[in-house]
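A.B. asks: This is my_file38.pdb (PDB, C-alpha atoms and all ligand atoms).
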ATOM      1  CA  MET A   1     194.689 -59.161   6.743
ATOM      2  CA  PRO A   2     193.297 -58.155  10.164
ATOM      3  CA  ALA A   3     191.640 -54.737  10.390
ATOM      4  CA  ALA A   4     194.085 -51.857  10.855
ATOM      5  CA  PRO A   5     194.523 -50.741  14.487
ATOM      6  CA  ALA A   6     192.890 -47.499  15.640
ATOM      7  CA  THR A   7     194.666 -44.733  13.739
ATOM      8  CA  PHE A   8     194.282 -40.965  13.971
ATOM      9  CA  GLY A   9     195.108 -38.655  11.108
ATOM     10  CA  LEU A  10     197.514 -35.762  11.652
ATOM     11  CA  LEU A  11     197.281 -32.924   9.136
ATOM     12  CA  LEU A  12     200.649 -31.160   9.138
ATOM     13  CA  ALA A  13     200.238 -27.434   8.602
ATOM     14  CA  GLY A  14     202.940 -26.100  10.897
ATOM     15  CA  GLY A  15     205.458 -24.871   8.338
ATOM     16  CA  LEU A  16     206.291 -21.340   7.243
ATOM     17  CA  ALA A  17     205.377 -21.797   3.548
ATOM     18  CA  ARG A  18     208.278 -19.572   2.459
ATOM     19  CA  ARG A  19     208.184 -20.731  -1.172
ATOM     20  CA  MET A  20     204.477 -19.883  -1.308
ATOM     21  CA  GLY A  21     205.225 -16.424   0.075
ATOM     22  CA  GLY A  22     203.979 -17.187   3.603
ATOM     23  CA  GLY A  23     200.503 -17.729   5.013
ATOM     24  CA  ASP A  24     198.698 -21.042   5.255
ATOM     25  CA  LYS A  25     199.201 -23.241   2.194
ATOM     26  CA  PRO A  26     196.350 -25.572   3.248
ATOM     27  CA  LEU A  27     193.905 -22.656   3.050
ATOM     28  CA  ARG A  28     194.732 -21.967  -0.612
ATOM     29  CA  THR A  29     191.969 -23.223  -2.864
ATOM     30  CA  ILE A  30     191.624 -25.822  -5.614
ATOM     31  CA  ALA A  31     188.331 -26.137  -7.493
ATOM     32  CA  GLY A  32     186.720 -23.682  -5.102
ATOM     33  CA  ARG A  33     187.643 -25.515  -1.894
ATOM     34  CA  SER A  34     190.644 -25.255   0.383
ATOM     35  CA  ILE A  35     193.396 -27.803  -0.046
ATOM     36  CA  LEU A  36     192.745 -28.688   3.591
ATOM     37  CA  ALA A  37     189.119 -29.559   2.760
ATOM     38  CA  HIS A  38     190.327 -31.878  -0.019
ATOM     39  CA  VAL A  39     192.750 -33.610   2.353
ATOM     40  CA  ILE A  40     190.105 -34.000   5.063
ATOM     41  CA  GLU A  41     187.650 -35.491   2.588
ATOM     42  CA  ARG A  42     190.178 -38.149   1.610
ATOM     43  CA  LEU A  43     191.693 -38.906   5.011
ATOM     44  CA  ALA A  44     188.678 -38.796   7.367
ATOM     45  CA  PRO A  45     187.083 -42.046   6.104
ATOM     46  CA  GLN A  46     190.380 -43.871   6.748
ATOM     47  CA  CYS A  47     190.876 -42.726  10.325
ATOM     48  CA  ASP A  48     189.300 -42.877  13.770
ATOM     49  CA  GLY A  49     189.606 -39.107  14.056
ATOM     50  CA  LEU A  50     191.667 -36.200  12.745
ATOM     51  CA  LEU A  51     193.760 -33.470  14.310
ATOM     52  CA  LEU A  52     195.528 -30.505  12.837
ATOM     53  CA  ASN A  53     199.079 -29.428  13.655
ATOM     54  CA  ALA A  54     199.496 -25.691  13.134
ATOM     55  CA  ASN A  55     201.422 -22.882  14.799
ATOM     56  CA  GLY A  56     200.064 -19.425  15.615
ATOM     57  CA  ASP A  57     196.425 -18.507  16.160
ATOM     58  CA  PRO A  58     194.305 -21.693  15.877
ATOM     59  CA  ALA A  59     191.187 -19.588  15.199
ATOM     60  CA  ARG A  60     192.051 -19.385  11.505
ATOM     61  CA  PHE A  61     191.151 -23.079  11.241
ATOM     62  CA  ALA A  62     187.958 -22.858  13.341
ATOM     63  CA  ALA A  63     185.710 -23.673  10.376
ATOM     64  CA  TYR A  64     187.109 -27.212  10.244
ATOM     65  CA  HIS A  65     186.082 -28.128  13.831
ATOM     66  CA  LEU A  66     189.255 -30.132  14.472
ATOM     67  CA  PRO A  67     191.522 -30.195  17.523
ATOM     68  CA  VAL A  68     194.529 -27.975  16.732
ATOM     69  CA  VAL A  69     197.902 -28.755  18.316
ATOM     70  CA  ALA A  70     200.929 -26.453  18.059
ATOM     71  CA  ASP A  71     204.576 -27.530  18.122
ATOM     72  CA  ASP A  72     205.928 -27.844  21.624
ATOM     73  CA  VAL A  73     209.530 -27.806  20.386
ATOM     74  CA  PRO A  74     210.246 -24.135  19.605
ATOM     75  CA  GLY A  75     211.701 -22.499  16.518
ATOM     76  CA  PHE A  76     209.941 -24.232  13.608
ATOM     77  CA  ALA A  77     211.977 -27.397  13.984
ATOM     78  CA  GLY A  78     210.295 -29.020  11.003
ATOM     79  CA  PRO A  79     207.671 -31.736  10.528
ATOM     80  CA  LEU A  80     209.177 -33.983  13.217
ATOM     81  CA  ALA A  81     208.039 -31.342  15.743
ATOM     82  CA  GLY A  82     204.515 -31.626  14.369
ATOM     83  CA  ILE A  83     204.582 -35.422  14.550
ATOM     84  CA  LEU A  84     205.713 -35.217  18.178
ATOM     85  CA  ALA A  85     202.933 -32.740  19.014
ATOM     86  CA  GLY A  86     200.428 -35.120  17.412
ATOM     87  CA  LEU A  87     201.738 -38.171  19.286
ATOM     88  CA  ASP A  88     201.631 -36.271  22.591
ATOM     89  CA  TRP A  89     198.037 -35.194  21.895
ATOM     90  CA  LEU A  90     197.041 -38.748  21.045
ATOM     91  CA  ALA A  91     198.619 -40.235  24.185
ATOM     92  CA  ALA A  92     196.911 -37.615  26.371
ATOM     93  CA  ASN A  93     193.492 -37.588  24.715
ATOM     94  CA  ARG A  94     192.887 -40.994  23.097
ATOM     95  CA  PRO A  95     194.589 -43.600  25.312
ATOM     96  CA  GLY A  96     193.194 -46.531  23.281
ATOM     97  CA  ALA A  97     194.653 -45.300  19.991
ATOM     98  CA  ASP A  98     198.331 -46.036  19.442
ATOM     99  CA  TRP A  99     198.814 -44.944  15.820
ATOM    100  CA  LEU A 100     199.036 -41.683  13.968
ATOM    101  CA  VAL A 101     199.173 -41.280  10.206
ATOM    102  CA  SER A 102     200.739 -37.965   9.204
ATOM    103  CA  VAL A 103     199.904 -36.181   5.967
ATOM    104  CA  ALA A 104     201.175 -32.831   4.744
ATOM    105  CA  ALA A 105     198.089 -30.607   4.634
ATOM    106  CA  ASP A 106     199.183 -29.209   1.249
ATOM    107  CA  THR A 107     198.827 -32.640  -0.455
ATOM    108  CA  PRO A 108     195.290 -32.648  -1.923
ATOM    109  CA  PHE A 109     195.212 -36.002  -3.740
ATOM    110  CA  ILE A 110     196.217 -38.521  -1.065
ATOM    111  CA  PRO A 111     194.993 -42.053  -1.896
ATOM    112  CA  SER A 112     191.921 -43.631  -0.345
ATOM    113  CA  ASN A 113     193.905 -46.733   0.658
ATOM    114  CA  LEU A 114     196.785 -44.883   2.350
ATOM    115  CA  VAL A 115     196.255 -46.058   5.927
ATOM    116  CA  MET A 116     195.362 -49.633   4.999
ATOM    117  CA  ARG A 117     198.398 -50.106   2.746
ATOM    118  CA  LEU A 118     200.849 -48.492   5.181
ATOM    119  CA  HIS A 119     199.732 -50.761   8.024
ATOM    120  CA  ALA A 120     199.789 -53.848   5.786
ATOM    121  CA  ALA A 121     203.323 -53.052   4.612
ATOM    122  CA  ARG A 122     204.821 -52.530   8.053
ATOM    123  CA  VAL A 123     203.268 -55.805   9.250
ATOM    124  CA  ALA A 124     204.458 -57.699   6.156
ATOM    125  CA  GLY A 125     207.907 -56.124   6.400
ATOM    126  CA  ASN A 126     208.111 -56.746  10.153
ATOM    127  CA  VAL A 127     209.249 -53.172  10.753
ATOM    128  CA  PRO A 128     207.678 -50.601  13.078
ATOM    129  CA  LEU A 129     207.196 -47.795  10.533
ATOM    130  CA  ALA A 130     205.869 -47.238   7.020
ATOM    131  CA  CYS A 131     205.895 -44.214   4.732
ATOM    132  CA  ALA A 132     204.569 -43.357   1.294
ATOM    133  CA  ALA A 133     206.497 -43.326  -1.998
ATOM    134  CA  SER A 134     205.730 -42.477  -5.614
ATOM    135  CA  ASP A 135     207.702 -41.977  -8.774
ATOM    136  CA  GLY A 136     210.757 -43.520  -7.113
ATOM    137  CA  ARG A 137     210.769 -40.943  -4.298
ATOM    138  CA  THR A 138     209.892 -41.556  -0.667
ATOM    139  CA  HIS A 139     207.671 -39.099   1.197
ATOM    140  CA  PRO A 140     208.762 -39.553   4.815
ATOM    141  CA  VAL A 141     206.323 -36.861   6.050
ATOM    142  CA  ILE A 142     203.451 -39.119   4.945
ATOM    143  CA  GLY A 143     203.795 -42.057   7.298
ATOM    144  CA  LEU A 144     202.604 -44.110  10.248
ATOM    145  CA  TRP A 145     203.892 -43.432  13.761
ATOM    146  CA  PRO A 146     203.197 -45.306  17.029
ATOM    147  CA  THR A 147     202.819 -43.421  20.327
ATOM    148  CA  SER A 148     205.423 -45.797  21.808
ATOM    149  CA  LEU A 149     208.159 -43.872  19.937
ATOM    150  CA  ARG A 150     207.267 -40.411  21.208
ATOM    151  CA  ASP A 151     209.898 -40.243  23.978
ATOM    152  CA  ASP A 152     212.541 -41.408  21.531
ATOM    153  CA  LEU A 153     211.389 -38.718  19.102
ATOM    154  CA  ARG A 154     211.469 -36.045  21.811
ATOM    155  CA  HIS A 155     215.057 -37.011  22.621
ATOM    156  CA  ALA A 156     216.031 -36.999  18.938
ATOM    157  CA  LEU A 157     214.574 -33.525  18.451
ATOM    158  CA  THR A 158     215.577 -31.786  21.658
ATOM    159  CA  VAL A 159     218.878 -33.471  22.574
ATOM    160  CA  GLU A 160     220.282 -34.732  19.273
ATOM    161  CA  ASP A 161     218.933 -31.898  17.134
ATOM    162  CA  GLU A 162     217.592 -34.367  14.557
ATOM    163  CA  ARG A 163     215.501 -32.575  11.919
ATOM    164  CA  LYS A 164     215.081 -35.119   9.138
ATOM    165  CA  VAL A 165     211.981 -37.319   9.291
ATOM    166  CA  GLY A 166     213.614 -39.943   7.057
ATOM    167  CA  HIS A 167     216.746 -40.168   9.196
ATOM    168  CA  TRP A 168     214.809 -40.631  12.394
ATOM    169  CA  ALA A 169     212.471 -43.189  10.833
ATOM    170  CA  ALA A 170     215.385 -45.185   9.399
ATOM    171  CA  ARG A 171     216.811 -45.724  12.884
ATOM    172  CA  HIS A 172     213.749 -47.727  13.811
ATOM    173  CA  GLY A 173     213.063 -49.517  10.544
ATOM    174  CA  VAL A 174     210.729 -48.180   7.891
ATOM    175  CA  VAL A 175     209.239 -49.617   4.721
ATOM    176  CA  ALA A 176     208.397 -47.342   1.776
ATOM    177  CA  VAL A 177     205.104 -48.154   0.053
ATOM    178  CA  GLU A 178     204.903 -47.187  -3.616
ATOM    179  CA  TRP A 179     201.808 -45.729  -5.328
ATOM    180  CA  PRO A 180     201.485 -45.185  -9.080
ATOM    181  CA  ALA A 181     202.311 -41.618 -10.105
ATOM    182  CA  ALA A 182     200.144 -41.637 -13.233
ATOM    183  CA  PRO A 183     197.853 -40.131 -14.263
ATOM    184  CA  VAL A 184     198.218 -38.044 -11.082
ATOM    185  CA  ASP A 185     200.834 -38.424  -8.392
ATOM    186  CA  PRO A 186     198.743 -38.878  -5.213
ATOM    187  CA  PHE A 187     201.493 -37.127  -3.238
ATOM    188  CA  PHE A 188     201.686 -34.027  -5.397
ATOM    189  CA  ASN A 189     201.931 -31.049  -3.073
ATOM    190  CA  ALA A 190     201.638 -27.334  -3.598
ATOM    191  CA  ASN A 191     204.858 -25.574  -2.633
ATOM    192  CA  GLN A 192     204.880 -22.405  -4.730
ATOM    193  CA  PRO A 193     202.230 -20.239  -6.368
ATOM    194  CA  GLY A 194     202.620 -21.943  -9.767
ATOM    195  CA  ASP A 195     201.768 -25.295  -8.197
ATOM    196  CA  LEU A 196     198.201 -24.103  -7.577
ATOM    197  CA  ALA A 197     197.447 -23.950 -11.300
ATOM    198  CA  GLU A 198     198.993 -27.393 -11.709
ATOM    199  CA  ALA A 199     196.808 -28.671  -8.840
ATOM    200  CA  GLU A 200     193.708 -27.339 -10.640
ATOM    201  CA  ARG A 201     194.784 -29.169 -13.799
ATOM    202  CA  LEU A 202     195.393 -32.440 -11.936
ATOM    203  CA  HIS A 203     192.091 -32.151 -10.092
ATOM    204  CA  ALA A 204     190.263 -31.860 -13.404
ATOM    205  CA  LEU A 205     192.252 -34.806 -14.775
ATOM    206  CA  LEU A 206     191.129 -37.046 -11.942
ATOM    207  CA  GLY A 207     187.506 -36.559 -12.981
ATOM    208  CA  PRO A 208     184.365 -37.249 -11.005
ATOM    209  CA  ASP A 209     185.628 -40.208  -8.930
ATOM    210  CA  ARG A 210     188.838 -38.264  -8.267
ATOM    211  CA  GLY A 211     190.965 -41.417  -8.518
ATOM    212  CA  ARG A 212     189.587 -43.012  -5.380
ATOM    213  CA  ALA A 213     190.451 -46.615  -6.239
ATOM    214  CA  ARG A 214     193.988 -46.091  -7.481
ATOM    215  CA  GLY A 215     197.063 -47.800  -6.111
TER
HETATM  216  N1  LIG A 301     204.819 -28.690  12.817
HETATM  217  C1  LIG A 301     205.651 -28.273  11.868
HETATM  218  N2  LIG A 301     205.450 -28.648  10.587
HETATM  219  C2  LIG A 301     206.308 -28.194   9.663
HETATM  220  C3  LIG A 301     207.387 -27.350   9.976
HETATM  221  N3  LIG A 301     208.063 -27.069   8.827
HETATM  222  C4  LIG A 301     207.402 -27.711   7.831
HETATM  223  N4  LIG A 301     206.329 -28.389   8.348
HETATM  224  C5  LIG A 301     205.341 -29.185   7.608
HETATM  225  O1  LIG A 301     206.014 -30.219   6.923
HETATM  226  C6  LIG A 301     205.427 -30.414   5.643
HETATM  227  C7  LIG A 301     206.491 -30.224   4.573
HETATM  228  O2  LIG A 301     206.955 -28.918   4.715
HETATM  229  P1  LIG A 301     207.732 -28.091   3.607
HETATM  230  O3  LIG A 301     206.929 -28.006   2.359
HETATM  231  O4  LIG A 301     209.098 -28.657   3.492
HETATM  232  O5  LIG A 301     207.852 -26.697   4.340
HETATM  233  P2  LIG A 301     206.811 -25.519   4.361
HETATM  234  O6  LIG A 301     207.034 -24.711   5.571
HETATM  235  O7  LIG A 301     205.429 -26.050   4.185
HETATM  236  O8  LIG A 301     207.195 -24.694   3.086
HETATM  237  P3  LIG A 301     208.603 -23.917   2.738
HETATM  238  O9  LIG A 301     208.833 -22.909   3.831
HETATM  239  O10 LIG A 301     208.334 -23.293   1.423
HETATM  240  O11 LIG A 301     209.660 -24.987   2.708
HETATM  241  C8  LIG A 301     204.269 -29.431   5.539
HETATM  242  O12 LIG A 301     203.084 -30.121   5.910
HETATM  243  C9  LIG A 301     204.614 -28.376   6.558
HETATM  244  O13 LIG A 301     203.458 -27.749   7.131
HETATM  245  C10 LIG A 301     207.591 -26.977  11.359
HETATM  246  O14 LIG A 301     208.514 -26.263  11.728
HETATM  247  N5  LIG A 301     206.687 -27.457  12.239
END
Could you write out this file's structure as structure tokens?

C.D. replies:
Amino acid sequence: MPAAPATFGLLLAGGLARRMGGGDKPLRTIAGRSILAHVIERLAPQCDGLLLNANGDPARFAAYHLPVVADDVPGFAGPLAGILAGLDWLAANRPGADWLVSVAADTPFIPSNLVMRLHAARVAGNVPLACAASDGRTHPVIGLWPTSLRDDLRHALTVEDERKVGHWAARHGVVAVEWPAAPVDPFFNANQPGDLAEAERLHALLGPDRGRARG
């Protein structure tokens, strides 16, 4: 397979985290480090650069030294608004890079072969988009997006009021790429306070290599 095209990683942290009781889920800690630090460690080696999508004061993420982009579409329109903000940033700041991989920034165990497998699957499937799946469930928020679709996405969000990532992706053609969910689902995410204890347990289960070669 040819090398994957230049791909930037978009860490989605723009939600309201209502089930967690508010605040920034990615700044909650697992094994003494923020969930965001775990995600960065796993995604950075797979990408040509990273950016963070977050709303409100960007200074709270200053320690990570990443570009921070806020939603342009108002009113917490959901992750599609974050994907659009990321695609707009990429088109304006990295003209040679046409691909974004989005990852929810509360998903600490993403696989080390995420970007490679998503690109390979969309090429093999002859479809423009690819997203992750595990345990028989698709994770549309964890997917590959080309900058060429950003005007279509803007129209879907602002004119058609589309809010569902999966619905919008399906219009264009998307392949779901399955990862094994055992011993640890790589797309486990922390939604509520009890999930943090479960994340600690799973982190310990992964052991020293933290499941790097799985899937
Ligand atoms: N940019 C942006 N991202 C969002 C928005 N809503 C959710 N997300 C992101 O989409 C991903 C999945 O979000 P959810 O877990 O469904 O929502 P959440 O806001 O994180 O949490 P809840 O309020 O408890 O549902 C996370 O990475 C969120 O940060 C939004 O309005 N804007």

A.B. asks: List all protein, DNA and RNA residues that have at least one atom no more than 10 Å from any atom of ligand LIG 301 (chain A), counting all atoms listed in the file, and write them as an MDAnalysis selection string.

C.D. replies: chainID A and resid 10:26 52:55 69:86 102:107 139:142 163 165 189:192

A.B. asks: How big is the axis-aligned box, and where does its centre sit, when it encloses all atoms of region 88-104 of chain A listed in the file and has 8 Å added on every side, reported in Å to one decimal as AutoDock Vina command-line options?

C.D. replies:
--center_x 197.3 --center_y -39.7 --center_z 15.6 --size_x 24.7 --size_y 29.7 --size_z 37.6

A.B. asks: Near His65 (chain A), within 12 Å and counting all atoms listed in the file, which residues show up once chain neighbours fewer than 5 positions away are dropped, as a list in words?

C.D. replies: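 Here the qualifying residues turn out to be Ala37, Ile40, Gly49, Leu50, Leu51, Leu52, Pro58, Ala59 and Arg60 of chain A.
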
A.B. asks: For CA of Pro108 (chain A) and CA of Arg171 (chain A), quote the distance in Å rounded to one decimal.

C.D. replies: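 For CA of Pro108 (chain A) relative to CA of Arg171 (chain A), the distance reads 29.2 Å.
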
A.B. asks: Go ahead and compute the interatomic distance for CA of Met116 (chain A) and CA of Trp145 (chain A), in Å to one decimal.

C.D. replies: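 Computing it gives 13.7 Å between the two atoms.
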
A.B. asks: Using the chain letters and numbers from the file, which residues does the PyMOL selection byres (((chain A and resi 44) around 12) and not hetatm) grab, as a PyMOL selection string?

C.D. replies: chain A and resi 7-11+36-43+45-51+66+101+103+110-115

A.B. asks: Emit the selected residues as a compact mmCIF listing (two decimals), in the frame of the given file, including C-alpha atoms.

C.D. replies:
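So the final result, stored in again.txt, reads:
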# COMPACT_ATOMS: atom_id res chain seq x y z
CA THR A 7 194.67 -44.73 13.74
CA PHE A 8 194.28 -40.96 13.97
CA GLY A 9 195.11 -38.66 11.11
CA LEU A 10 197.51 -35.76 11.65
CA LEU A 11 197.28 -32.92 9.14
CA LEU A 36 192.74 -28.69 3.59
CA ALA A 37 189.12 -29.56 2.76
CA HIS A 38 190.33 -31.88 -0.02
CA VAL A 39 192.75 -33.61 2.35
CA ILE A 40 190.10 -34.00 5.06
CA GLU A 41 187.65 -35.49 2.59
CA ARG A 42 190.18 -38.15 1.61
CA LEU A 43 191.69 -38.91 5.01
CA PRO A 45 187.08 -42.05 6.10
CA GLN A 46 190.38 -43.87 6.75
CA CYS A 47 190.88 -42.73 10.32
CA ASP A 48 189.30 -42.88 13.77
CA GLY A 49 189.61 -39.11 14.06
CA LEU A 50 191.67 -36.20 12.74
CA LEU A 51 193.76 -33.47 14.31
CA LEU A 66 189.26 -30.13 14.47
CA VAL A 101 199.17 -41.28 10.21
CA VAL A 103 199.90 -36.18 5.97
CA ILE A 110 196.22 -38.52 -1.06
CA PRO A 111 194.99 -42.05 -1.90
CA SER A 112 191.92 -43.63 -0.34
CA ASN A 113 193.90 -46.73 0.66
CA LEU A 114 196.78 -44.88 2.35
CA VAL A 115 196.26 -46.06 5.93

A.B. asks: Please complete region 58-73 of chain A so it has N, CA and C atoms, and hand it over as a CSV table (one decimal), in the frame of the given file.

C.D. replies:
chain,number,residue,atom,x,y,z
A,58,PRO,N,195.1,-20.6,16.4
A,58,PRO,CA,194.3,-21.7,15.9
A,58,PRO,C,193.0,-21.3,15.3
A,59,ALA,N,192.5,-20.0,15.6
A,59,ALA,CA,191.2,-19.6,15.2
A,59,ALA,C,191.0,-19.6,13.7
A,60,ARG,N,192.2,-19.4,13.0
A,60,ARG,CA,192.1,-19.4,11.5
A,60,ARG,C,191.6,-20.7,10.9
A,61,PHE,N,191.6,-21.8,11.7
A,61,PHE,CA,191.2,-23.1,11.2
A,61,PHE,C,189.8,-23.5,11.9
A,62,ALA,N,189.2,-22.5,12.6
A,62,ALA,CA,188.0,-22.9,13.3
A,62,ALA,C,186.9,-23.5,12.5
A,63,ALA,N,186.8,-23.2,11.2
A,63,ALA,CA,185.7,-23.7,10.4
A,63,ALA,C,185.8,-25.2,10.2
A,64,TYR,N,186.9,-25.8,10.5
A,64,TYR,CA,187.1,-27.2,10.2
A,64,TYR,C,186.8,-28.1,11.5
A,65,HIS,N,186.5,-27.4,12.6
A,65,HIS,CA,186.1,-28.1,13.8
A,65,HIS,C,187.0,-29.3,14.2
A,66,LEU,N,188.3,-29.1,14.1
A,66,LEU,CA,189.3,-30.1,14.5
A,66,LEU,C,190.1,-29.7,15.7
A,67,PRO,N,190.5,-30.6,16.5
A,67,PRO,CA,191.5,-30.2,17.5
A,67,PRO,C,192.8,-29.6,16.8
A,68,VAL,N,193.3,-28.6,17.3
A,68,VAL,CA,194.5,-28.0,16.7
A,68,VAL,C,195.6,-28.1,17.8
A,69,VAL,N,196.8,-28.7,17.4
A,69,VAL,CA,197.9,-28.8,18.3
A,69,VAL,C,199.1,-28.0,17.7
A,70,ALA,N,199.7,-27.2,18.5
A,70,ALA,CA,200.9,-26.5,18.1
A,70,ALA,C,202.2,-27.2,18.4
A,71,ASP,N,203.3,-26.9,17.8
A,71,ASP,CA,204.6,-27.5,18.1
A,71,ASP,C,204.9,-27.2,19.6
A,72,ASP,N,205.4,-28.1,20.3
A,72,ASP,CA,205.9,-27.8,21.6
A,72,ASP,C,207.4,-27.5,21.5
A,73,VAL,N,208.1,-28.1,20.6
A,73,VAL,CA,209.5,-27.8,20.4
A,73,VAL,C,209.5,-26.4,19.7
